[in-house]
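query-v8.cif (mmCIF, C-alpha atoms and all ligand atoms)
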```cif
data_coords
loop_
_atom_site.label_atom_id
_atom_site.label_comp_id
_atom_site.auth_asym_id
_atom_site.auth_seq_id
_atom_site.Cartn_x
_atom_site.Cartn_y
_atom_site.Cartn_z
CA MET S 178 119.90 107.87 78.91
CA GLN S 179 116.95 105.94 77.44
CA ILE S 180 113.99 106.37 79.79
CA ALA S 181 110.61 104.64 79.47
CA ILE S 182 107.80 106.52 81.19
CA LEU S 183 104.81 104.35 82.04
CA GLY S 184 101.88 106.71 82.49
CA ALA S 185 101.56 109.99 80.61
CA GLY S 186 99.54 111.83 83.26
CA ARG S 187 100.67 114.52 85.64
CA VAL S 188 103.81 112.84 86.95
CA GLY S 189 104.85 111.12 83.71
CA SER S 190 104.42 114.21 81.55
CA THR S 191 106.14 116.50 84.08
CA LEU S 192 109.22 114.33 84.58
CA GLY S 193 109.31 113.44 80.89
CA ARG S 194 109.49 117.13 80.01
CA LEU S 195 112.19 117.83 82.63
CA TRP S 196 114.37 114.88 81.57
CA HIS S 197 113.90 115.57 77.90
CA ALA S 198 114.94 119.21 78.42
CA ILE S 199 118.26 118.08 79.88
CA GLY S 200 119.01 115.75 76.97
CA HIS S 201 117.57 112.34 77.86
CA ASP S 202 115.67 110.19 75.39
CA VAL S 203 112.11 109.64 76.68
CA THR S 204 109.44 107.18 75.54
CA PHE S 205 105.91 107.60 76.92
CA ALA S 206 103.45 104.70 77.23
CA ALA S 207 99.87 104.41 78.49
CA ARG S 208 96.86 102.25 77.58
CA ASP S 209 95.46 104.97 75.34
CA ALA S 210 98.13 106.10 72.85
CA ALA S 211 96.72 109.60 72.36
CA ARG S 212 98.44 111.35 75.29
CA PRO S 213 101.86 109.70 74.77
CA GLN S 214 101.66 110.66 71.10
CA ALA S 215 100.71 114.25 71.94
CA LEU S 216 103.65 114.51 74.37
CA ALA S 217 106.08 113.03 71.84
CA ALA S 218 104.83 115.51 69.22
CA GLU S 219 105.13 118.41 71.68
CA LEU S 220 108.72 117.56 72.64
CA GLY S 221 109.97 116.52 69.18
CA GLU S 222 113.37 114.91 68.71
CA ARG S 223 114.36 112.32 71.39
CA ALA S 224 110.72 111.92 72.52
CA HIS S 225 108.61 108.96 71.48
CA ALA S 226 105.31 107.20 72.12
CA ALA S 227 105.15 103.39 72.25
CA SER S 228 103.36 100.45 73.80
CA VAL S 229 104.47 99.54 77.33
CA ALA S 230 106.32 96.48 75.96
CA ASP S 231 108.23 98.47 73.33
CA ALA S 232 108.98 101.37 75.67
CA VAL S 233 110.46 99.05 78.31
CA ALA S 234 112.33 96.94 75.73
CA GLY S 235 114.32 99.97 74.60
CA ALA S 236 114.93 101.49 78.04
CA GLU S 237 117.69 101.50 80.65
CA VAL S 238 115.47 103.21 83.22
CA VAL S 239 111.70 102.85 83.63
CA LEU S 240 109.58 105.36 85.55
CA VAL S 241 106.36 103.81 86.88
CA ALA S 242 103.92 106.72 87.00
CA VAL S 243 100.55 104.99 86.89
CA PRO S 244 97.91 104.79 89.64
CA VAL S 245 98.65 102.07 92.21
CA PRO S 246 95.83 99.71 91.13
CA ALA S 247 97.32 99.73 87.60
CA VAL S 248 100.96 99.15 88.57
CA THR S 249 100.96 95.35 88.31
CA ASP S 250 99.00 95.38 85.01
CA ALA S 251 101.36 97.93 83.53
CA LEU S 252 104.44 95.92 84.55
CA GLN S 253 102.97 92.66 83.27
CA ALA S 254 102.50 94.30 79.86
CA ALA S 255 106.31 94.49 79.59
CA ASP S 256 108.03 91.41 78.15
CA SER S 257 110.95 91.57 80.53
CA LEU S 258 112.25 93.99 83.14
CA ASP S 259 115.64 92.27 83.33
CA GLY S 260 118.42 94.61 84.40
CA ARG S 261 116.25 97.74 84.18
CA VAL S 262 116.43 100.43 86.86
CA MET S 263 112.80 100.80 87.88
CA ILE S 264 111.61 103.99 89.58
CA ASP S 265 108.41 103.52 91.53
CA ALA S 266 106.64 106.90 91.85
CA ALA S 267 103.24 105.49 92.81
CA ASN S 268 101.53 106.37 96.05
CA ALA S 269 99.29 103.81 97.74
CA PHE S 270 96.39 105.33 99.68
CA GLY S 271 94.12 103.40 102.01
CA GLN S 272 93.68 99.72 101.30
CA GLN S 273 95.71 99.38 98.13
CA GLN S 274 99.16 98.38 99.34
CA VAL S 275 101.83 97.97 96.71
CA THR S 276 105.12 98.36 98.52
CA LEU S 277 108.57 98.62 97.01
CA ARG S 278 109.35 95.29 98.71
CA SER S 279 106.37 93.60 97.03
CA LEU S 280 107.42 94.96 93.63
CA ALA S 281 111.01 93.85 94.15
CA ASP S 282 109.78 90.36 95.15
CA ALA S 283 107.37 90.10 92.21
CA PHE S 284 109.87 91.43 89.63
CA PRO S 285 113.28 90.42 91.05
CA GLN S 286 115.15 90.75 87.75
CA ALA S 287 114.79 94.51 87.92
CA ARG S 288 116.52 97.00 90.23
CA TRP S 289 113.92 98.86 92.24
CA VAL S 290 114.11 102.38 93.64
CA ARG S 291 111.29 104.49 94.99
CA ALA S 292 111.45 108.19 94.16
CA PHE S 293 109.39 111.15 92.95
CA ASN S 294 106.40 110.05 95.01
CA SER S 295 106.95 112.49 97.84
CA LEU S 296 106.17 115.78 96.10
CA SER S 297 103.16 116.90 94.09
CA ALA S 298 103.52 117.02 90.31
CA SER S 299 102.68 120.73 90.45
CA ILE S 300 105.75 121.27 92.66
CA MET S 301 107.86 119.16 90.30
CA ALA S 302 106.71 121.36 87.40
CA ASP S 303 107.26 124.59 89.29
CA ASP S 304 110.46 126.42 88.40
CA ASN S 305 110.63 127.87 91.92
CA HIS S 306 112.15 124.65 93.19
CA HIS S 307 115.43 125.32 91.39
CA GLU S 308 116.86 127.84 93.90
CA PRO S 309 117.47 126.31 96.34
CA PRO S 310 116.71 122.87 94.93
CA TRP S 311 114.03 121.13 96.96
CA VAL S 312 114.68 117.65 98.23
CA MET S 313 113.35 114.51 96.62
CA PHE S 314 113.68 111.30 98.65
CA LEU S 315 114.78 107.93 97.33
CA SER S 316 115.31 104.45 98.72
CA GLY S 317 115.91 100.96 97.38
CA ASP S 318 118.52 98.96 95.46
CA GLU S 319 122.05 100.17 96.30
CA GLU S 320 123.44 99.84 92.76
CA ALA S 321 120.48 101.56 91.14
CA LYS S 322 120.31 104.46 93.59
CA PRO S 323 123.20 106.50 92.07
CA VAL S 324 121.48 106.35 88.66
CA VAL S 325 118.21 107.56 90.15
CA ALA S 326 119.97 110.18 92.31
CA GLN S 327 121.41 111.65 89.10
CA LEU S 328 117.96 111.65 87.46
CA ILE S 329 116.64 113.49 90.53
CA ARG S 330 119.38 116.10 90.03
CA ASP S 331 118.60 116.22 86.31
CA ALA S 332 115.00 117.07 87.19
CA GLY S 333 116.26 119.98 89.32
CA PHE S 334 116.02 118.46 92.81
CA ASP S 335 118.41 117.44 95.54
CA PRO S 336 118.38 113.68 96.23
CA ALA S 337 118.15 112.53 99.87
CA ASP S 338 118.84 108.85 100.42
CA LEU S 339 116.57 107.15 102.96
CA GLY S 340 118.15 103.70 102.77
CA GLY S 341 117.18 100.29 101.43
CA ILE S 342 114.00 98.80 99.98
CA ASP S 343 112.25 98.41 103.33
CA ASP S 344 113.05 102.00 104.29
CA SER S 345 110.79 103.14 101.45
CA ARG S 346 107.86 103.20 103.87
CA LEU S 347 109.46 106.34 105.34
CA GLN S 348 108.37 108.17 102.20
CA ASP S 349 104.77 106.87 102.28
CA PRO S 350 101.80 109.24 102.05
CA ASP S 351 101.20 111.06 105.31
CA SER S 352 104.67 110.36 106.68
CA ALA S 353 106.55 113.39 108.00
CA LEU S 354 108.64 113.41 104.80
CA TRP S 355 105.77 113.22 102.34
CA LEU S 356 104.56 116.35 100.54
CA ASN S 357 107.02 118.35 102.55
CA ILE S 358 109.09 120.95 100.74
CA LEU S 359 112.51 120.84 102.33
CA THR S 360 115.99 122.18 101.76
CA HIS S 361 118.85 119.73 102.10
CA ASP S 362 119.70 120.71 105.69
CA GLU S 363 116.07 120.51 106.79
CA ALA S 364 115.70 117.13 105.12
CA THR S 365 118.86 115.78 106.76
CA ALA S 366 117.69 116.87 110.22
CA LEU S 367 114.18 115.55 109.66
CA VAL S 368 115.38 112.19 108.33
CA ALA S 369 117.60 111.80 111.42
CA GLN S 370 114.59 112.44 113.67
CA VAL S 371 112.39 110.04 111.70
CA LYS S 372 115.04 107.32 111.76
CA SER S 373 115.73 107.76 115.47
CA GLY S 374 112.06 106.96 116.06
CA ASP S 375 111.40 110.37 117.62
CA THR S 376 108.04 110.68 115.87
CA ASP S 377 106.84 113.64 117.94
CA ALA S 378 109.89 115.73 117.13
CA ALA S 379 109.63 114.71 113.46
CA GLU S 380 105.94 115.66 113.31
CA GLN S 381 106.73 119.04 114.87
CA SER S 382 109.55 119.75 112.39
CA ALA S 383 107.35 118.58 109.51
CA LEU S 384 104.56 120.84 110.67
CA ARG S 385 106.90 123.85 110.84
CA THR S 386 108.04 123.41 107.25
CA ARG S 387 104.47 122.77 106.06
CA VAL S 388 103.36 125.99 107.72
CA ARG S 389 106.13 127.83 105.91
CA GLU S 390 104.87 126.33 102.62
CA LEU S 391 101.34 127.41 103.36
CA ALA S 392 102.24 130.97 104.37
CA ALA S 393 102.26 132.59 100.92
CA PRO S 394 99.04 130.98 99.56
CA PHE S 395 97.33 131.56 102.92
CA GLU S 396 98.23 135.26 102.98
CA LYS S 397 97.17 135.75 99.38
CA PHE S 398 93.84 134.03 100.01
CA ARG S 399 93.27 135.88 103.30
CA ASP S 400 93.95 139.29 101.75
CA HIS S 401 92.31 138.82 98.35
CA ALA S 402 89.65 136.09 98.56
CA PRO S 403 86.59 137.00 96.45
CA ALA S 404 83.58 138.09 98.51
CA ASP S 405 81.39 135.27 97.13
CA PRO S 406 81.63 132.34 99.61
CA ALA S 407 80.87 129.95 96.73
CA PHE S 408 84.49 130.47 95.67
CA PHE S 409 85.70 129.06 98.98
CA LEU S 410 83.20 126.19 99.08
CA GLU S 411 84.06 125.20 95.51
CA HIS S 412 87.81 125.02 96.23
CA LEU S 413 87.20 123.26 99.53
CA SER S 414 84.93 120.70 97.85
CA ARG S 415 87.36 120.16 95.02
CA SER S 416 90.05 119.37 97.55
CA VAL S 417 87.68 116.90 99.25
CA PHE S 418 86.85 115.16 95.97
CA GLU S 419 90.52 115.02 94.95
CA ALA S 420 91.53 113.20 98.16
CA GLY S 421 93.20 109.95 97.16
CA ILE S 422 92.21 110.03 93.47
CA SER S 423 93.61 111.63 90.36
CA TRP S 424 92.70 115.30 89.86
CA ARG S 425 91.94 114.36 86.24
CA VAL S 426 89.07 112.11 87.27
CA VAL S 427 87.70 115.01 89.31
CA GLU S 428 88.39 117.52 86.53
CA ALA S 429 86.45 115.38 84.03
CA LYS S 430 83.39 115.36 86.29
CA TRP S 431 83.66 118.83 87.75
CA ASP S 432 80.93 120.50 85.64
CA GLY S 433 78.47 117.78 86.71
CA ILE S 434 79.54 118.05 90.34
CA ARG S 435 79.19 121.84 90.30
CA GLU S 436 75.70 121.53 88.85
CA ALA S 437 74.66 118.86 91.38
CA PHE S 438 75.86 121.12 94.21
CA HIS S 439 74.09 124.30 93.03
CA GLY S 440 77.26 126.08 91.89
CA PHE S 441 78.54 125.63 95.48
CA ASP S 442 76.24 128.28 96.86
CA PRO S 443 76.66 127.43 100.57
CA ALA S 444 73.03 128.19 101.52
CA GLN S 445 71.63 125.97 98.77
CA VAL S 446 74.06 123.11 99.44
CA ALA S 447 73.45 123.27 103.20
CA ALA S 448 69.71 123.05 102.55
CA MET S 449 69.86 119.95 100.33
CA PRO S 450 67.26 117.51 101.70
CA PRO S 451 68.12 113.80 102.23
CA THR S 452 66.21 112.82 99.05
CA GLU S 453 68.35 115.16 96.97
CA ILE S 454 71.57 113.95 98.63
CA ALA S 455 70.53 110.36 97.88
CA ALA S 456 69.85 111.34 94.24
CA VAL S 457 73.35 112.88 93.98
CA GLU S 458 74.82 109.65 95.39
CA ASN S 459 73.34 107.87 92.36
CA ASP S 460 74.04 110.59 89.82
CA ARG S 461 76.43 109.35 87.12
CA ARG S 462 77.68 112.89 86.48
CA VAL S 463 79.35 113.03 89.89
CA ILE S 464 81.94 110.93 91.73
CA ARG S 465 79.61 108.68 93.65
CA ASN S 466 81.51 108.57 96.91
CA LYS S 467 78.92 108.87 99.68
CA ALA S 468 81.38 110.08 102.30
CA LYS S 469 82.65 112.87 100.04
CA ILE S 470 79.12 113.88 98.99
CA ARG S 471 77.92 114.05 102.59
CA ALA S 472 81.09 115.87 103.64
CA THR S 473 80.35 118.51 100.99
CA VAL S 474 76.89 119.17 102.45
CA GLN S 475 78.27 119.24 106.02
CA ASN S 476 81.05 121.56 104.93
CA ALA S 477 78.51 123.95 103.36
CA ARG S 478 76.75 124.09 106.75
CA GLU S 479 80.08 124.86 108.40
CA VAL S 480 80.71 127.64 105.86
CA LEU S 481 77.36 129.18 106.85
CA ALA S 482 78.37 128.97 110.52
CA ILE S 483 81.66 130.73 109.66
CA LEU S 484 79.82 133.46 107.76
CA ASP S 485 77.51 133.94 110.74
CA GLU S 486 80.44 134.26 113.09
CA TYR S 487 82.96 136.21 110.99
CA GLY S 488 80.87 137.91 108.29
CA SER S 489 83.08 136.70 105.43
CA ILE S 490 85.68 134.09 104.50
CA ARG S 491 88.36 136.79 104.59
CA GLY S 492 87.22 137.74 108.08
CA TYR S 493 87.46 134.09 109.11
CA LEU S 494 90.97 133.65 107.69
CA ALA S 495 92.12 136.96 109.20
CA SER S 496 91.07 135.69 112.63
CA SER S 497 93.94 133.16 112.60
CA PRO S 498 97.39 134.39 113.60
CA ASP S 499 99.11 132.43 110.83
CA ALA S 500 98.76 129.73 108.18
CA GLY S 501 99.42 126.94 110.67
CA ALA S 502 96.62 128.00 113.00
CA ALA S 503 94.25 128.50 110.06
CA ALA S 504 95.11 125.04 108.71
CA ALA S 505 94.49 123.45 112.11
CA ASP S 506 91.14 125.22 112.43
CA MET S 507 90.06 124.17 108.93
CA ARG S 508 91.00 120.54 109.61
CA ARG S 509 88.91 120.66 112.78
CA ARG S 510 85.86 122.28 111.17
CA PHE S 511 85.65 120.58 107.80
CA LYS S 512 84.96 116.95 106.98
CA PHE S 513 87.33 114.96 104.79
CA LEU S 514 90.07 117.57 105.00
CA GLY S 515 93.55 116.54 106.14
CA ASP S 516 96.90 118.31 105.88
CA THR S 517 97.20 117.63 102.16
CA GLY S 518 93.61 118.75 101.63
CA VAL S 519 94.30 122.12 103.28
CA TRP S 520 97.41 122.50 101.16
CA ARG S 521 95.43 121.69 97.98
CA LEU S 522 92.67 124.10 98.98
CA LEU S 523 94.97 127.05 99.73
CA THR S 524 97.30 126.58 96.77
CA SER S 525 94.53 126.09 94.20
CA ALA S 526 92.38 128.92 95.59
CA SER S 527 95.29 131.35 95.73
CA ARG S 528 96.26 130.40 92.16
CA ASP S 529 92.74 131.31 91.03
CA ILE S 530 92.90 134.79 92.59
CA GLU S 531 94.12 137.47 90.17
N1 LIG S 601 99.81 113.71 90.92
C1 LIG S 601 100.79 113.92 91.78
O1 LIG S 601 101.01 115.05 92.23
C2 LIG S 601 101.66 112.77 92.18
C3 LIG S 601 102.88 113.05 92.81
C4 LIG S 601 103.73 111.99 93.14
C5 LIG S 601 103.35 110.68 92.84
N2 LIG S 601 102.13 110.44 92.26
C6 LIG S 601 101.79 109.05 91.94
O2 LIG S 601 102.18 108.85 90.58
C7 LIG S 601 101.26 107.99 89.92
C8 LIG S 601 100.68 108.74 88.72
O3 LIG S 601 99.96 109.87 89.18
P1 LIG S 601 99.42 110.96 88.16
O4 LIG S 601 98.82 112.05 89.00
O5 LIG S 601 100.42 111.27 87.13
O6 LIG S 601 98.20 110.13 87.53
P2 LIG S 601 97.34 110.48 86.24
O7 LIG S 601 97.51 111.94 85.90
O8 LIG S 601 95.99 109.93 86.50
O9 LIG S 601 98.04 109.61 85.10
C9 LIG S 601 98.07 108.22 85.15
C10 LIG S 601 98.60 107.69 83.84
O10 LIG S 601 98.69 106.28 83.94
C11 LIG S 601 98.19 105.70 82.74
N3 LIG S 601 97.76 104.33 83.04
C12 LIG S 601 96.73 103.93 83.83
N4 LIG S 601 96.66 102.59 83.83
C13 LIG S 601 97.67 102.13 83.05
C14 LIG S 601 98.13 100.82 82.67
N5 LIG S 601 97.55 99.71 83.11
N6 LIG S 601 99.18 100.75 81.82
C15 LIG S 601 99.80 101.86 81.37
N7 LIG S 601 99.41 103.11 81.69
C16 LIG S 601 98.36 103.25 82.53
C17 LIG S 601 97.08 106.65 82.34
O11 LIG S 601 96.74 106.58 80.96
P3 LIG S 601 95.67 105.52 80.38
O12 LIG S 601 94.46 105.63 81.26
O13 LIG S 601 95.48 105.93 78.96
O14 LIG S 601 96.32 104.20 80.50
C18 LIG S 601 97.73 108.00 82.63
O15 LIG S 601 98.54 108.40 81.55
C19 LIG S 601 100.21 107.62 90.95
O16 LIG S 601 100.53 106.36 91.49
C20 LIG S 601 100.33 108.70 92.02
O17 LIG S 601 99.99 108.21 93.28
C21 LIG S 601 101.29 111.46 91.90
#
```
Represent the supplied structure as structure tokens.
Ligand SMILES: NC(=O)c1ccc[n+]([C@@H]2O[C@H](COP(=O)([O-])OP(=O)(O)OC[C@H]3O[C@@H](n4cnc5c(N)ncnc54)[C@H](OP(=O)(O)O)[C@@H]3O)[C@@H](O)[C@H]2O)c1
Amino acid sequence: MQIAILGAGRVGSTLGRLWHAIGHDVTFAARDAARPQALAAELGERAHAASVADAVAGAEVVLVAVPVPAVTDALQAADSLDGRVMIDAANAFGQQQVTLRSLADAFPQARWVRAFNSLSASIMADDNHHEPPWVMFLSGDEEAKPVVAQLIRDAGFDPADLGGIDDSRLQDPDSALWLNILTHDEATALVAQVKSGDTDAAEQSALRTRVRELAAPFEKFRDHAPADPAFFLEHLSRSVFEAGISWRVVEAKWDGIREAFHGFDPAQVAAMPPTEIAAVENDRRVIRNKAKIRATVQNAREVLAILDEYGSIRGYLASSPDAGAAAADMRRRFKFLGDTGVWRLLTSASRDIE
């Protein structure tokens, strides 16, 4: 199959690699040609880099893997979407609402399906999902869905059909189905609960599977976290800064952010006076989001309170009976940290522990 991949970032490069490995022809496109060209060179035969217009012109299927604010621009750069199967992988956070319905209304010549938005790119790239295959949700145009379901299988996942275009909201960020690693049976049961409107039961089931996901990184972190609390505050703060924006934006600024926050030494961050906090809010080296900057200082104060009470981060984590209780306590204590934030914190910190 000829697949155009709009966006050569985390999602585009991951799915491009997976589809290419199984024999599809992939063409990457972004505004800057460097990354698509590098990916095409890495993959070799059957992998190409092109402009958005050329990539779409030669494609049967188009994966939209650009940030939500760029979706309309990217699609308008194509000459025509006529007859293409379009896969919308974008996640709208907060105010920016681009729904599958609005895309289907704006570009009615194409066949729209939403998929690949519900799991993190790091999970998509992780070979562990092959046995058993984790579930990837899809919804949208009835004729296009079988094509996308096969591409989900080709990427190593199990497709779970949520219904038509308007059902795509079921796979929105922060829904019970989003960022939830499920087997087929779990997904089937959870979808039935979500569709029956039993939100409480769905939230409870979702929580149970999320706790299972968190168990291994939590236990590794609890048993092997470095003694220096700066390690914890740095991972916590990174998770805060990554909320709702691309990790690459955060990655590009991380050295500046680390410097502005004293290498994440909790005592020094907690002691930052208002003048210094105001200076950081205007510092071009950091992501100038006041709420995230203030949350970082507040969180450092909370880390000091934890150290006072438990002696160490490991002592604090060991005081929770399991990952679910620890996650709930962290969400309560720390600013700007939701379910996904805890998951990001524990998985990235445990990855960084030898
Ligand atoms: N990251 C995840 O784990 C994950 C998981 C599921 C879904 N998603 C969703 O998938 C989408 C992509 O996420 P990502 O993490 O892969 O983002 P990313 O790493 O920031 O990559 C975004 C890509 O989009 C390109 N782009 C931006 N504006 C463009 C435009 N107008 N035309 C063409 N290309 C454009 C960027 O390159 P240039 O700047 O050079 O154009 C870049 O290659 C987002 O909507 C996100 O919500 C992300």
| request: Could you please give me, as an MDAnalysis selection string, the residues of protein, DNA or RNA lying at most 9 Å from (111.8, 100.2, 79.5) in the coordinate frame of the file, considering all atoms listed in the file? | output: chainID S and resid 179:183 204 229:240 255 257:258 261:263
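From atom CA of S:Val188 back to atom C3 of ligand LIG 601 (chain S), the distance works out to 5.9 Å.
Atom CA of S:Ala472 is positioned 28.1 Å from atom O10 of ligand LIG 601 (chain S).
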| field | Of the listed residues S:Ile422, S:Asp400, S:Glu380, S:Met178, that which approaches ligand LIG 601 (chain S) most closely, counting all atoms listed in the file | value | S:Ile422
Build an axis-aligned box that encloses every atom of ligand LIG 601 (chain S) listed in the file, pad it by 3 Å on each side, and report its centre and edge lengths in Å to one decimal, as lines of an AutoDock Vina configuration file.
```
center_x = 99.1
center_y = 107.4
center_z = 86.1
size_x = 15.3
size_y = 21.3
size_z = 20.3
```
Considering only C-alpha atoms, give me a table of residues in stretch 330-449 of chain S that are at most 9 Å from stretch 490-505 of chain S, with the closest atom pair and distance in Å for each, as JSON lines.
```
{"residue": "S:Leu384", "atom": "CA", "partner": "S:Gly501", "partner_atom": "CA", "distance": 8.0}
{"residue": "S:Arg385", "atom": "CA", "partner": "S:Gly501", "partner_atom": "CA", "distance": 8.1}
{"residue": "S:Arg387", "atom": "CA", "partner": "S:Gly501", "partner_atom": "CA", "distance": 8.0}
{"residue": "S:Val388", "atom": "CA", "partner": "S:Gly501", "partner_atom": "CA", "distance": 5.0}
{"residue": "S:Arg389", "atom": "CA", "partner": "S:Ala500", "partner_atom": "CA", "distance": 7.9}
{"residue": "S:Glu390", "atom": "CA", "partner": "S:Ala500", "partner_atom": "CA", "distance": 8.9}
{"residue": "S:Leu391", "atom": "CA", "partner": "S:Ala500", "partner_atom": "CA", "distance": 5.9}
{"residue": "S:Ala392", "atom": "CA", "partner": "S:Ala500", "partner_atom": "CA", "distance": 5.3}
{"residue": "S:Ala393", "atom": "CA", "partner": "S:Ala500", "partner_atom": "CA", "distance": 8.6}
{"residue": "S:Pro394", "atom": "CA", "partner": "S:Ala500", "partner_atom": "CA", "distance": 8.7}
{"residue": "S:Phe395", "atom": "CA", "partner": "S:Ala500", "partner_atom": "CA", "distance": 5.7}
{"residue": "S:Glu396", "atom": "CA", "partner": "S:Ala500", "partner_atom": "CA", "distance": 7.6}
{"residue": "S:Phe398", "atom": "CA", "partner": "S:Arg491", "partner_atom": "CA", "distance": 7.7}
{"residue": "S:Arg399", "atom": "CA", "partner": "S:Arg491", "partner_atom": "CA", "distance": 5.2}
{"residue": "S:Asp400", "atom": "CA", "partner": "S:Arg491", "partner_atom": "CA", "distance": 6.8}
{"residue": "S:His401", "atom": "CA", "partner": "S:Arg491", "partner_atom": "CA", "distance": 7.7}
{"residue": "S:Ala402", "atom": "CA", "partner": "S:Arg491", "partner_atom": "CA", "distance": 6.2}
{"residue": "S:Pro403", "atom": "CA", "partner": "S:Arg491", "partner_atom": "CA", "distance": 8.3}
{"residue": "S:Ala404", "atom": "CA", "partner": "S:Ile490", "partner_atom": "CA", "distance": 7.5}
{"residue": "S:Asp405", "atom": "CA", "partner": "S:Ile490", "partner_atom": "CA", "distance": 8.6}
{"residue": "S:Pro406", "atom": "CA", "partner": "S:Ile490", "partner_atom": "CA", "distance": 6.6}
{"residue": "S:Phe409", "atom": "CA", "partner": "S:Ile490", "partner_atom": "CA", "distance": 7.5}
```
| Residues within 8 Å of S:Val457, all atoms listed in the file, excluding chain neighbours under 5 positions, as a list of chain:residue names | S:Ala437, S:Val463, S:Arg465, S:Ile470
| Between atom CA of S:Ala281 and atom CA of S:Asp318, what is the spacing in Å? | 9.2 Å
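Using only C-alpha atoms, the smallest distance between any of S:Ala455, S:Ala226, S:Ile464, S:Ala482 and S:Pro443 comes from S:Ala482.
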| field | stretch 414-420 of chain S environment, 7 Å, only C-alpha atoms, sequence neighbours closer than 5 positions dropped, as a count of residues only | value | 8
| Residue nearest ligand LIG 601 (chain S) - candidates S:Ala429, S:Ala224, S:Val480, S:Ala218, atoms counted: only C-alpha atoms and all ligand atoms | S:Ala429
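For stretch 282-292 of chain S, the non-local neighbours within 8 Å, defined as residues at least 5 positions apart in the same chain or in other chains and counting all atoms listed in the file, are Leu258, Asp259, Gly260, Arg261, Val262, Met263, Ile264, Asp265, Ala266, Leu277, Met313, Phe314, Leu315, Ser316, Gly317, Asp318, Glu320, Ala321, Lys322, Val325, Ile342 and Ser345 of chain S.
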If you keep C-alpha atoms, can you produce a file of those selected residues as a compact mmCIF listing (two decimals), keeping the file's coordinate frame?
```txt
# COMPACT_ATOMS: atom_id res chain seq x y z
CA LEU S 258 112.25 93.99 83.14
CA ASP S 259 115.64 92.27 83.33
CA GLY S 260 118.42 94.61 84.40
CA ARG S 261 116.25 97.74 84.18
CA VAL S 262 116.43 100.43 86.86
CA MET S 263 112.80 100.80 87.88
CA ILE S 264 111.61 103.99 89.58
CA ASP S 265 108.41 103.52 91.53
CA ALA S 266 106.64 106.90 91.85
CA LEU S 277 108.57 98.62 97.01
CA MET S 313 113.35 114.51 96.62
CA PHE S 314 113.68 111.30 98.65
CA LEU S 315 114.78 107.93 97.33
CA SER S 316 115.31 104.45 98.72
CA GLY S 317 115.91 100.96 97.38
CA ASP S 318 118.52 98.96 95.46
CA GLU S 320 123.44 99.84 92.76
CA ALA S 321 120.48 101.56 91.14
CA LYS S 322 120.31 104.46 93.59
CA VAL S 325 118.21 107.56 90.15
CA ILE S 342 114.00 98.80 99.98
CA SER S 345 110.79 103.14 101.45
```
| query | Which residues come within 12 Å of S:Lys372, counting only C-alpha atoms, excluding same-chain residues fewer than 5 positions away, as a PyMOL selection string? | reply | chain S and resi 339-340+344-348+352-354+364-367+378-379
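Residue nearest ligand LIG 601 (chain S), chosen from S:Asp343, S:Asp349, S:Asp529, S:Glu479 and counting all atoms listed in the file: S:Asp349.
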Assuming the input is short of atoms at stretch 518-528 of chain S, produce N, CA and C atoms for that part as an mmCIF file, in the coordinates of the input.
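Saved as result17.cif:
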```
data_model
loop_
_atom_site.group_PDB
_atom_site.id
_atom_site.type_symbol
_atom_site.label_atom_id
_atom_site.label_comp_id
_atom_site.auth_asym_id
_atom_site.auth_seq_id
_atom_site.Cartn_x
_atom_site.Cartn_y
_atom_site.Cartn_z
ATOM 1 N N GLY S 518 94.827 118.094 102.119
ATOM 2 C CA GLY S 518 93.610 118.750 101.630
ATOM 3 C C GLY S 518 93.687 120.257 101.842
ATOM 4 N N VAL S 519 94.170 120.682 103.009
ATOM 5 C CA VAL S 519 94.300 122.120 103.280
ATOM 6 C C VAL S 519 95.296 122.722 102.296
ATOM 7 N N TRP S 520 96.389 122.009 102.092
ATOM 8 C CA TRP S 520 97.410 122.500 101.160
ATOM 9 C C TRP S 520 96.819 122.646 99.754
ATOM 10 N N ARG S 521 96.058 121.614 99.324
ATOM 11 C CA ARG S 521 95.430 121.690 97.980
ATOM 12 C C ARG S 521 94.464 122.863 97.909
ATOM 13 N N LEU S 522 93.657 123.021 98.956
ATOM 14 C CA LEU S 522 92.670 124.100 98.980
ATOM 15 C C LEU S 522 93.348 125.465 98.863
ATOM 16 N N LEU S 523 94.344 125.722 99.710
ATOM 17 C CA LEU S 523 94.970 127.050 99.730
ATOM 18 C C LEU S 523 95.764 127.319 98.453
ATOM 19 N N THR S 524 96.490 126.304 97.966
ATOM 20 C CA THR S 524 97.300 126.580 96.770
ATOM 21 C C THR S 524 96.393 126.772 95.551
ATOM 22 N N SER S 525 95.352 125.942 95.413
ATOM 23 C CA SER S 525 94.530 126.090 94.200
ATOM 24 C C SER S 525 93.701 127.360 94.287
ATOM 25 N N ALA S 526 93.180 127.695 95.470
ATOM 26 C CA ALA S 526 92.380 128.920 95.590
ATOM 27 C C ALA S 526 93.257 130.149 95.345
ATOM 28 N N SER S 527 94.468 130.147 95.898
ATOM 29 C CA SER S 527 95.290 131.350 95.730
ATOM 30 C C SER S 527 95.750 131.486 94.275
ATOM 31 N N ARG S 528 95.911 130.336 93.591
ATOM 32 C CA ARG S 528 96.260 130.400 92.160
ATOM 33 C C ARG S 528 95.136 131.052 91.347
#
```
